[in-house]
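Q: Got a structure here, written out as structure tokens. Questions coming.
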Amino acid sequence: MKTTQESNNFRATCKTLKHIIGTFLTVTLLLTSCSKNNDDGDNNDIIIRPTAEDFNALQDAALENATQNFQFNTSDPSVTLTSEKGVVININTSCLTLNGSAITGNVDLEFIELFDKGSMLTTNKPTMGTMPNGDKALLISGGEFFVNATQNGEALETTCGFQMTIPTNLTGDPDNEMILWNGRIDDNGDLVWDEEERDDTGAQGGNVFAEGNNYYGFFQSFGWSNVDRFYNDPRPKTTLQATIPEGYNNTNSAIYLSYDGENTGLAQLDTYNPDTGIFSEHYGQIPVGLECHAIFATEDGDNWKYAIKPVTIIENGIITFTEDDMAIVTEAQLTIIINDLP
């Protein structure tokens with residue numbers, strides 16, 4: 001028979017084991033219930049997705065990385081600045097105004113130049129032009145530009161515009177069909193391109209022309225501008241839809257189209273139905289039979305999470321993205337990956 005001391009020791013040992021086992025089961029349950037679900041399989045798991053602020057911050061960081069800064073003084077009547085890629089900016093300083101009044105002193109200039117679809121994607125600056133009927137279609141770009149002149153943090157205007165000389169070899173051979181476009185931010189925070197108004201001669205896009213190895217552009221105001229033309233394809237057109245994993249939408253992710261053989265244009269599926277969770281190009285402007293690559297992009301821990309699918313466009317086609325399609329890379333890596341697409 002066990003002694004009283006042995007019985008007490010036995011009961012204490014059992015109590016300790018029960019406590020350890022209970023603690024282990026509790027911790028296991030907590031870890032399981034709080035795990036990040038990337039498989040979209042178990043409805044009991046918590047799905048953690050980036051916020052709209054996370055995704056916007058990632059795109060803003062890409063814009064900041066692409067921004068070049070200059071400073072000049074209005075004592076020089078004409079200022080010439082040269083960008084990292086060789087774009088020459090000419091500004092008449094006597095035309096600079098603040099709230100309608102001429103200025104003197106130092107001026108700060110922000111400049112962004114985008115020539116490749118990888119940079120267009122990370123900065124969320126696709127080349128979607130507004131058609132006469134209000135629909136949007138892909139533009140082929142000779143360069144997207146942002147020019148912002150400020151003094152003491154206040155935005156300046158120009159009464160006589162400014163000029164830029166843009167090397168054509170940055171986007172291919174000279175193209176005399178290129179015209180000027182102005183960029184505006186729409187209600188969703190996306191950049192949309194509107195055709196520049198005709199000049200005094202009535203010529204469409206008369207404020208830009210190709211000569212030798214350069215485009216010469218005459219821009220009327222600061223902000224976003226673009227040297228572009230519509231993509232031209234005679235084949236019948238259709239719409240396109242794309243489905244995405246649960247928890248993603250048009251605020252924390254985006255879907256783009258890279259047309260094979262076109263290195264200086266990037267289309268976007270810019271409409272989203274919150275009821276169905278489907279992105280769409282609903283304008284019916286995508287050529288049937290087109291070979292392209294669909295790109296899903298979002299944020300993950302200050303990096304880019306993406307998926308790419310090769311697609312041959314069929315009538316009213318649907319593209320499906322899953323978690324298994326996705327990988328995580330840095331901004332620099334994603335830019336190279338997109339630029340290496342056919």
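Residue numbering restarts at 1 for every chain of the structure tokens, chains are lettered A, B, ... in their displayed order, and ligands are numbered from 1 as they appear.
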For Ser221 (chain A), list every protein, DNA or RNA residue within 9 Å, evaluated using only C-alpha atoms, and leave out those in the same chain fewer than 6 positions away; present the list as JSON, numbers by chain.
A: {"A": [147, 157, 158, 159, 160, 161, 162]}
Q: Write out as a list in words which residues come within 8 Å of Ser253 (chain A) when counting only C-alpha atoms, dropping same-chain ones fewer than 5 positions away.
A: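 The neighbour list is Phe55, Tyr248, Phe296, Ala297, Thr298 and Glu299 of chain A.
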Q: Could you dump the residues just selected with N, CA, C and O atoms as a tab-separated table (two decimals), in the first residue's frame?
A:
chain	number	residue	atom	x	y	z
A	55	PHE	N	-1.33	49.80	-49.06
A	55	PHE	CA	-1.08	49.73	-50.51
A	55	PHE	C	-0.73	51.10	-51.07
A	55	PHE	O	0.20	51.23	-51.89
A	248	TYR	N	-9.26	40.85	-50.87
A	248	TYR	CA	-8.66	41.86	-51.75
A	248	TYR	C	-9.77	42.61	-52.49
A	248	TYR	O	-10.83	42.05	-52.80
A	296	PHE	N	-1.50	40.87	-61.08
A	296	PHE	CA	-2.14	41.24	-59.81
A	296	PHE	C	-1.06	41.79	-58.90
A	296	PHE	O	0.03	41.22	-58.79
A	297	ALA	N	-1.34	42.92	-58.23
A	297	ALA	CA	-0.34	43.54	-57.36
A	297	ALA	C	-0.99	44.02	-56.07
A	297	ALA	O	-2.09	44.59	-56.09
A	298	THR	N	-0.29	43.79	-54.95
A	298	THR	CA	-0.76	44.26	-53.65
A	298	THR	C	0.46	44.43	-52.74
A	298	THR	O	1.61	44.31	-53.18
A	299	GLU	N	0.19	44.71	-51.46
A	299	GLU	CA	1.25	44.95	-50.48
A	299	GLU	C	1.36	43.79	-49.52
A	299	GLU	O	0.36	43.15	-49.19
Q: Please identify which residues in region 122-342 of chain A DSSP calls helix (DSSP H, G or I) from the backbone, and express them as a list in words.
A: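 Selection result, helix (DSSP H, G or I) within region 122-342 of chain A: Thr122, Thr168, Asn169, Leu170, Glu323, Asp324, Asp325, Glu331, Ala332, Gln333, Leu334, Thr335, Ile336, Ile337, Ile338 and Asn339 of chain A.
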Q: Taking only C-alpha atoms into account, which of A:Asn316, A:Asn124, A:Gln333, A:Asn303 comes nearest Asp190 (chain A)?
A: A:Asn124
Q: Would you write out, as JSON lines, a table of all residues in region 202-245 of chain A that have an atom no more than 10 Å from an atom of region 75-95 of chain A, listing for each the closest atom pair and the distance in Å to one decimal, considering only C-alpha atoms and ordering rows by chain and rising residue number?
A:
{"residue": "A:Asn214", "atom": "CA", "partner": "A:Val87", "partner_atom": "CA", "distance": 9.4}
{"residue": "A:Tyr215", "atom": "CA", "partner": "A:Val87", "partner_atom": "CA", "distance": 9.7}
{"residue": "A:Tyr216", "atom": "CA", "partner": "A:Val88", "partner_atom": "CA", "distance": 9.7}
{"residue": "A:Gly217", "atom": "CA", "partner": "A:Ile89", "partner_atom": "CA", "distance": 9.8}
{"residue": "A:Phe218", "atom": "CA", "partner": "A:Asn90", "partner_atom": "CA", "distance": 9.7}
Q: Determine, counting only C-alpha atoms, which protein, DNA and RNA residues have an atom within 9 Å of an atom of Gln268 (chain A); residues of the same chain fewer than 4 positions away are not included. Present the result as a PyMOL selection string.
A: chain A and resi 126-128+138+254-258+280-281
Q: Identify all residues of region 97-262 of chain A in strand (DSSP E) (DSSP on the backbone) and supply them as a ChimeraX atom specification.
A: /A:97-98,101-102,106-114,128-130,136-151,154-155,157-158,162-167,179-185,191-195,208-211,214-219,223-230,237-243,253-259
Q: Go ahead and save the picked residues with C-alpha atoms, as a PDB file, in the first residue's frame.
A:
ATOM      1  CA  THR A  97       3.595  83.228 -60.606  1.00  0.00           C
ATOM      2  CA  LEU A  98       2.174  82.630 -57.134  1.00  0.00           C
ATOM      3  CA  SER A 101       1.731  87.562 -58.909  1.00  0.00           C
ATOM      4  CA  ALA A 102       5.260  87.334 -60.327  1.00  0.00           C
ATOM      5  CA  ASN A 106      14.726  80.421 -55.323  1.00  0.00           C
ATOM      6  CA  VAL A 107      12.367  77.883 -56.839  1.00  0.00           C
ATOM      7  CA  ASP A 108      12.206  74.141 -56.110  1.00  0.00           C
ATOM      8  CA  LEU A 109      11.272  71.769 -58.913  1.00  0.00           C
ATOM      9  CA  GLU A 110      10.079  68.163 -58.564  1.00  0.00           C
ATOM     10  CA  PHE A 111      10.394  66.014 -61.668  1.00  0.00           C
ATOM     11  CA  ILE A 112       9.277  62.441 -62.403  1.00  0.00           C
ATOM     12  CA  GLU A 113       9.884  60.611 -65.683  1.00  0.00           C
ATOM     13  CA  LEU A 114       8.365  57.202 -66.422  1.00  0.00           C
ATOM     14  CA  MET A 128      -5.206  54.644 -69.989  1.00  0.00           C
ATOM     15  CA  GLY A 129      -6.478  57.433 -72.242  1.00  0.00           C
ATOM     16  CA  THR A 130      -9.993  58.863 -72.298  1.00  0.00           C
ATOM     17  CA  LYS A 136     -10.760  54.340 -71.665  1.00  0.00           C
ATOM     18  CA  ALA A 137      -8.260  52.510 -73.834  1.00  0.00           C
ATOM     19  CA  LEU A 138      -4.548  51.733 -73.790  1.00  0.00           C
ATOM     20  CA  LEU A 139      -2.045  54.413 -74.766  1.00  0.00           C
ATOM     21  CA  ILE A 140       1.456  53.703 -76.068  1.00  0.00           C
ATOM     22  CA  SER A 141       3.763  56.178 -74.367  1.00  0.00           C
ATOM     23  CA  GLY A 142       6.696  58.326 -75.366  1.00  0.00           C
ATOM     24  CA  GLY A 143       7.066  59.206 -71.671  1.00  0.00           C
ATOM     25  CA  GLU A 144       4.986  60.175 -68.647  1.00  0.00           C
ATOM     26  CA  PHE A 145       6.114  63.269 -66.745  1.00  0.00           C
ATOM     27  CA  PHE A 146       5.328  65.123 -63.540  1.00  0.00           C
ATOM     28  CA  VAL A 147       6.635  68.671 -63.131  1.00  0.00           C
ATOM     29  CA  ASN A 148       5.893  70.663 -59.978  1.00  0.00           C
ATOM     30  CA  ALA A 149       7.437  74.072 -59.222  1.00  0.00           C
ATOM     31  CA  THR A 150       7.137  75.444 -55.682  1.00  0.00           C
ATOM     32  CA  GLN A 151       8.468  78.272 -53.555  1.00  0.00           C
ATOM     33  CA  GLU A 154       3.580  76.744 -52.231  1.00  0.00           C
ATOM     34  CA  ALA A 155       2.716  75.590 -55.730  1.00  0.00           C
ATOM     35  CA  GLU A 157       1.955  78.404 -61.969  1.00  0.00           C
ATOM     36  CA  THR A 158       3.334  79.428 -65.345  1.00  0.00           C
ATOM     37  CA  PHE A 162       7.499  75.316 -70.511  1.00  0.00           C
ATOM     38  CA  GLN A 163       9.311  73.089 -72.981  1.00  0.00           C
ATOM     39  CA  MET A 164      10.817  69.627 -72.832  1.00  0.00           C
ATOM     40  CA  THR A 165      13.109  67.813 -75.225  1.00  0.00           C
ATOM     41  CA  ILE A 166      12.623  64.042 -74.864  1.00  0.00           C
ATOM     42  CA  PRO A 167      15.004  61.496 -76.439  1.00  0.00           C
ATOM     43  CA  ILE A 179       0.196  63.790 -79.117  1.00  0.00           C
ATOM     44  CA  LEU A 180       0.105  65.459 -75.704  1.00  0.00           C
ATOM     45  CA  TRP A 181      -2.103  64.306 -72.837  1.00  0.00           C
ATOM     46  CA  ASN A 182      -2.832  65.853 -69.450  1.00  0.00           C
ATOM     47  CA  GLY A 183      -3.126  63.719 -66.341  1.00  0.00           C
ATOM     48  CA  ARG A 184      -5.907  64.058 -63.771  1.00  0.00           C
ATOM     49  CA  ILE A 185      -6.634  62.080 -60.620  1.00  0.00           C
ATOM     50  CA  LEU A 191      -4.392  58.816 -62.888  1.00  0.00           C
ATOM     51  CA  VAL A 192      -6.411  59.203 -66.085  1.00  0.00           C
ATOM     52  CA  TRP A 193      -5.130  60.784 -69.292  1.00  0.00           C
ATOM     53  CA  ASP A 194      -7.128  63.388 -71.248  1.00  0.00           C
ATOM     54  CA  GLU A 195      -6.074  64.624 -74.670  1.00  0.00           C
ATOM     55  CA  VAL A 208       4.454  68.045 -79.635  1.00  0.00           C
ATOM     56  CA  PHE A 209       6.403  66.847 -82.661  1.00  0.00           C
ATOM     57  CA  ALA A 210       9.208  64.428 -83.464  1.00  0.00           C
ATOM     58  CA  GLU A 211      12.349  65.691 -85.143  1.00  0.00           C
ATOM     59  CA  ASN A 214      13.850  63.832 -80.038  1.00  0.00           C
ATOM     60  CA  TYR A 215      10.281  64.747 -79.207  1.00  0.00           C
ATOM     61  CA  TYR A 216       9.793  68.476 -78.640  1.00  0.00           C
ATOM     62  CA  GLY A 217       6.890  69.186 -76.312  1.00  0.00           C
ATOM     63  CA  PHE A 218       5.333  72.530 -75.356  1.00  0.00           C
ATOM     64  CA  PHE A 219       3.442  72.078 -72.092  1.00  0.00           C
ATOM     65  CA  GLY A 223       1.406  68.627 -63.215  1.00  0.00           C
ATOM     66  CA  TRP A 224       1.184  65.285 -65.037  1.00  0.00           C
ATOM     67  CA  SER A 225       1.710  65.208 -68.811  1.00  0.00           C
ATOM     68  CA  ASN A 226       2.185  62.437 -71.327  1.00  0.00           C
ATOM     69  CA  VAL A 227       3.440  62.025 -74.902  1.00  0.00           C
ATOM     70  CA  ASP A 228       1.204  59.232 -76.210  1.00  0.00           C
ATOM     71  CA  ARG A 229      -1.015  57.737 -78.884  1.00  0.00           C
ATOM     72  CA  PHE A 230      -3.795  55.172 -78.709  1.00  0.00           C
ATOM     73  CA  LYS A 237     -12.772  44.001 -79.219  1.00  0.00           C
ATOM     74  CA  THR A 238     -14.162  42.515 -76.023  1.00  0.00           C
ATOM     75  CA  THR A 239     -14.353  43.013 -72.262  1.00  0.00           C
ATOM     76  CA  LEU A 240     -12.277  41.202 -69.635  1.00  0.00           C
ATOM     77  CA  GLN A 241     -12.870  40.231 -66.001  1.00  0.00           C
ATOM     78  CA  ALA A 242     -10.609  38.959 -63.226  1.00  0.00           C
ATOM     79  CA  THR A 243     -11.359  37.239 -59.930  1.00  0.00           C
ATOM     80  CA  SER A 253      -4.790  45.754 -54.754  1.00  0.00           C
ATOM     81  CA  ALA A 254      -4.784  46.395 -58.508  1.00  0.00           C
ATOM     82  CA  ILE A 255      -4.822  44.431 -61.766  1.00  0.00           C
ATOM     83  CA  TYR A 256      -2.894  45.529 -64.846  1.00  0.00           C
ATOM     84  CA  LEU A 257      -2.414  44.225 -68.392  1.00  0.00           C
ATOM     85  CA  SER A 258       0.911  44.133 -70.203  1.00  0.00           C
ATOM     86  CA  TYR A 259       0.381  43.741 -73.942  1.00  0.00           C
TER      87      TYR A 259
END
Q: May I ask which of the residues A:Thr51, A:Asn133, A:Asn339, A:Asn176 is the closest one to Gly265 (chain A), counting only C-alpha atoms?
A: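 Going through A:Thr51, A:Asn133, A:Asn339, A:Asn176 one by one, the smallest distance to Gly265 (chain A) is for A:Asn339.
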Q: For each of A:Ala57, A:Glu196, A:Gly118, A:Asn152, take the minimum atom-to-atom distance to Gln71 (chain A), counting only C-alpha atoms, then give the residue where this is smallest.
A: A:Asn152
Q: Write out as a PyMOL selection string each polymer residue whose atoms come within 9 Å of Pro274 (chain A), counting only C-alpha atoms; drop sequence neighbours fewer than 4 positions from it.
A: chain A and resi 249-250+278
Q: Mind pulling up the distance from CA of Met120 (chain A) to CA of Lys305 (chain A)?
A: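 For CA of Lys305 (chain A) relative to CA of Met120 (chain A), the distance reads 16.2 Å.
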Q: Would you please work out which residue, of A:Leu121, A:Glu64, A:Asn213, A:Asn252, is nearest to Ile336 (chain A) when using only C-alpha atoms?
A: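 Checking each of A:Leu121, A:Glu64, A:Asn213, A:Asn252 against Ile336 (chain A), counting only C-alpha atoms, the winner is A:Leu121.
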